[in-house]
Amino acid sequence: MAIEVVPDDRALRHGRRDRALAQMQAHDLDVLVLGRQANARYVSGTPQLWVAGTRPFGPVATVVRRTRAVHLLSTWDEGVPDDIPHEHLYGIAWNPVNTIAVLRGIEGAATARRVGTDALSPTFAKLLPTAFPGAELVDGELAMRAARRIKTAHEVEVLRGTLRIAETGLSAAVARLAPEVTEQALIGALLEAMTAGGVSTPASQDSAWVTSREHPWRRAGADRRVRSGDLVAFSSGVLGEGYIGEVGRTWPVGGEGGDDVRKLYRRWDGLWARLIEACRPGSAGTDLLAAYETAGEPLPPMPVARGLGMGFDPPVVTSQLRASAEAERLEPGMVLAVTAYVWESGVGAVFGRDAVLITEDGAEVLTVAPHWEH
């Protein structure tokens, strides 16, 4: 990982930008005004300041289809690639009217017919039409979702690197697993190892928990302390080079388990085999839900699968959204975080999450972290 603020690799950012421009063509968009950080980085290749929480909408990046130009909200050149010239940068303004004046001066703004945005606030909903006086404002997030759902080969390589760091953190936490250690200590070990690997931004800070023997979804123990016989779940996620990598595993305390624990892990194996079989081109999102039903396992409250990439990409496959899951079709180039989860009363839960690349021939599992041998 880079120790300085540098733009994304040229081949990486141009591959993404070509996909975005192709979707602008498909959706008949002359201009895209993007405020979401993942979308802005996707088209510009410029690292953005990461903050915990949401931000109000602002025109962070503006893309003009005819000229292929990217205009970026930035007060400095650090991290900005050389294909975005200095004159295409515009600074932060307290008065949004000044920002609108900058957008109005962009080549192609005056003649644009359709302008897409990925979000809007009430203020910019009123002001943006004055920057593009002849244009219809439409939903541009649809074009960005279509672009981002299929990963380029360079994106997959970046994801592989991010996953390796997530797996390093997972391994460090598992090495600390012992009776009487706290969940917080396990999480600390995981985050420390990830940071040593070059990524200091976790995708989640709730990365280790003792699974409950009394309830299928709740965590066990108010004191968050590990005890002999517990099944402890780990969810290691990092945000590296703009991409989220995640891996999940469950380990018994002490590395040993009785027949009931081994039986539960074998149930997990059976479920996982069905999920992988469903990860084929042309499969519907509901085929992943059906994998649980065929295995005789209750559907979990978390998504069974969701897109991995710059943030959370489509699709999102969950039992709460069956209609949208039915409409989804898996395509080569998608990368999914696929979750298998089984629980047994009096034993606990086995949780596993892997990154899966959909290929022409089926599923390629990108994560390599070992499971408990059972």
# chains A, B, ... in the order shown; residues from 1 in each chain; ligands from 1
>>> residues_around(residues="Val253 of chain A", least_positions_apart="3", cutoff="7 Å", atoms="only C-alpha atoms", output="ChimeraX atom specification")
/A:177-179,228-231,256
>>> write_last_selection(atoms="C-alpha atoms", output="PDB file, in the first residue's frame")
ATOM      1  CA  LEU A 177      -8.259 -16.662  20.802  1.00  0.00           C
ATOM      2  CA  ALA A 178      -8.154 -18.286  24.257  1.00  0.00           C
ATOM      3  CA  PRO A 179     -10.385 -18.606  27.333  1.00  0.00           C
ATOM      4  CA  SER A 228     -14.151 -22.522  26.927  1.00  0.00           C
ATOM      5  CA  GLY A 229     -16.642 -24.162  24.593  1.00  0.00           C
ATOM      6  CA  ASP A 230     -17.654 -20.929  22.849  1.00  0.00           C
ATOM      7  CA  LEU A 231     -17.841 -20.521  19.102  1.00  0.00           C
ATOM      8  CA  GLU A 256     -11.284 -28.098  19.775  1.00  0.00           C
TER       9      GLU A 256
END
>>> residues_around(residues="segment 149-157 of chain A", least_positions_apart="3", cutoff="7 Å", atoms="only C-alpha atoms", output="list in words")
Leu12, Gly15, Arg145, Ala146, Arg160, Gly161, Asp313, Pro314, Gly333 and Met334 of chain A
>>> select_by_dssp(residues="segment 29-161 of chain A", states="strand (DSSP E or B)", output="VMD selection string")
chain A and resid 31 to 34 61 to 64 69 to 73 89 to 90 114 to 117 136 to 139
>>> residues_around(residues="Glu293 of chain A", least_positions_apart="3", cutoff="12 Å", atoms="only C-alpha atoms", output="PyMOL selection string")
chain A and resi 270-271+274-275+286-290+296-300+319+342
>>> atom_distance(atom1="atom CA of Leu330 of chain A", atom2="atom CA of Ala284 of chain A")
6.4 Å
>>> closest_residue(among="A:Thr46, A:Thr130, A:Ser235, A:Gln37", to="Asp206 of chain A", atoms="only C-alpha atoms")
A:Ser235
>>> residues_around(residues="Val63 of chain A", least_positions_apart="5", cutoff="9 Å", atoms="only C-alpha atoms", output="list of chain:residue names")
A:Leu21, A:Asp30, A:Val31, A:Leu32, A:Val33, A:Leu34, A:Val43, A:Ser44, A:Arg68, A:Ala69, A:Val70, A:His71, A:Leu72
>>> write_last_selection(atoms="C-alpha atoms", output="compact mmCIF listing (two decimals), in the first residue's frame")
# COMPACT_ATOMS: atom_id res chain seq x y z
CA LEU A 21 -18.73 6.68 -20.06
CA ASP A 30 -24.57 14.17 -21.42
CA VAL A 31 -23.19 15.06 -17.98
CA LEU A 32 -22.88 13.24 -14.66
CA VAL A 33 -22.67 15.24 -11.43
CA LEU A 34 -21.47 12.94 -8.67
CA VAL A 43 -14.44 8.14 -12.38
CA SER A 44 -11.52 10.31 -11.23
CA ARG A 68 -14.57 12.69 -21.70
CA ALA A 69 -13.39 15.39 -19.26
CA VAL A 70 -13.54 15.00 -15.49
CA HIS A 71 -13.86 18.11 -13.32
CA LEU A 72 -13.08 17.64 -9.64
>>> residues_around(residues="Pro56 of chain A", least_positions_apart="3", cutoff="10 Å", atoms="only C-alpha atoms", output="PyMOL selection string")
chain A and resi 35-36+119-121
>>> select_by_dssp(residues="segment 181-347 of chain A", states="helix (DSSP H, G or I)", output="number ranges by chain")
A: 183-196, 253-255, 259-278, 285-295, 319-327
>>> closest_residue(among="A:Asn95, A:Ser283, A:Asn39, A:Ser324", to="Gly362 of chain A", atoms="only C-alpha atoms")
A:Ser283
>>> residues_around(residues="Gly237 of chain A", least_positions_apart="4", cutoff="7 Å", atoms="only C-alpha atoms", output="PDB file with N, CA and C atoms, in the first residue's frame")
ATOM      1  N   ALA A 166      -7.145  -8.127   4.887  1.00  0.00           N
ATOM      2  CA  ALA A 166      -8.233  -8.534   5.778  1.00  0.00           C
ATOM      3  C   ALA A 166      -7.946  -9.903   6.382  1.00  0.00           C
ATOM      4  N   PRO A 202     -10.790   0.385   8.875  1.00  0.00           N
ATOM      5  CA  PRO A 202     -11.560  -0.865   8.845  1.00  0.00           C
ATOM      6  C   PRO A 202     -12.923  -0.651   8.211  1.00  0.00           C
ATOM      7  N   ALA A 203     -13.445  -1.704   7.586  1.00  0.00           N
ATOM      8  CA  ALA A 203     -14.810  -1.637   7.071  1.00  0.00           C
ATOM      9  C   ALA A 203     -15.812  -1.712   8.199  1.00  0.00           C
ATOM     10  N   SER A 204     -15.423  -2.346   9.304  1.00  0.00           N
ATOM     11  CA  SER A 204     -16.273  -2.446  10.486  1.00  0.00           C
ATOM     12  C   SER A 204     -15.380  -2.616  11.702  1.00  0.00           C
ATOM     13  N   ILE A 244     -13.427  -2.343  -0.664  1.00  0.00           N
ATOM     14  CA  ILE A 244     -13.709  -3.081   0.568  1.00  0.00           C
ATOM     15  C   ILE A 244     -13.423  -4.561   0.343  1.00  0.00           C
ATOM     16  N   GLY A 245     -12.620  -5.127   1.249  1.00  0.00           N
ATOM     17  CA  GLY A 245     -12.367  -6.566   1.250  1.00  0.00           C
ATOM     18  C   GLY A 245     -12.849  -7.150   2.560  1.00  0.00           C
ATOM     19  N   GLU A 246     -13.574  -8.247   2.503  1.00  0.00           N
ATOM     20  CA  GLU A 246     -14.145  -8.844   3.704  1.00  0.00           C
ATOM     21  C   GLU A 246     -13.940 -10.348   3.716  1.00  0.00           C
ATOM     22  N   VAL A 247     -13.721 -10.883   4.915  1.00  0.00           N
ATOM     23  CA  VAL A 247     -13.658 -12.321   5.111  1.00  0.00           C
ATOM     24  C   VAL A 247     -14.206 -12.631   6.494  1.00  0.00           C
TER      25      VAL A 247
END
>>> closest_residue(among="A:Arg353, A:Arg17, A:His374, A:Arg10", to="Leu163 of chain A", atoms="only C-alpha atoms")
A:Arg353
>>> closest_residue(among="A:Phe124, A:Asp18, A:His86, A:Ala11", to="Pro59 of chain A", atoms="only C-alpha atoms")
A:Phe124
>>> closest_atom_pairs(of="segment 307-344 of chain A", to="segment 262-268 of chain A", cutoff="9 Å", atoms="only C-alpha atoms", output="tab-separated table")
residue	atom	partner	partner_atom	distance
A:Ala340	CA	A:Trp268	CA	6.8
A:Tyr341	CA	A:Trp268	CA	6.9
A:Val342	CA	A:Trp268	CA	6.1
A:Trp343	CA	A:Leu264	CA	7.3
A:Glu344	CA	A:Leu264	CA	7.1
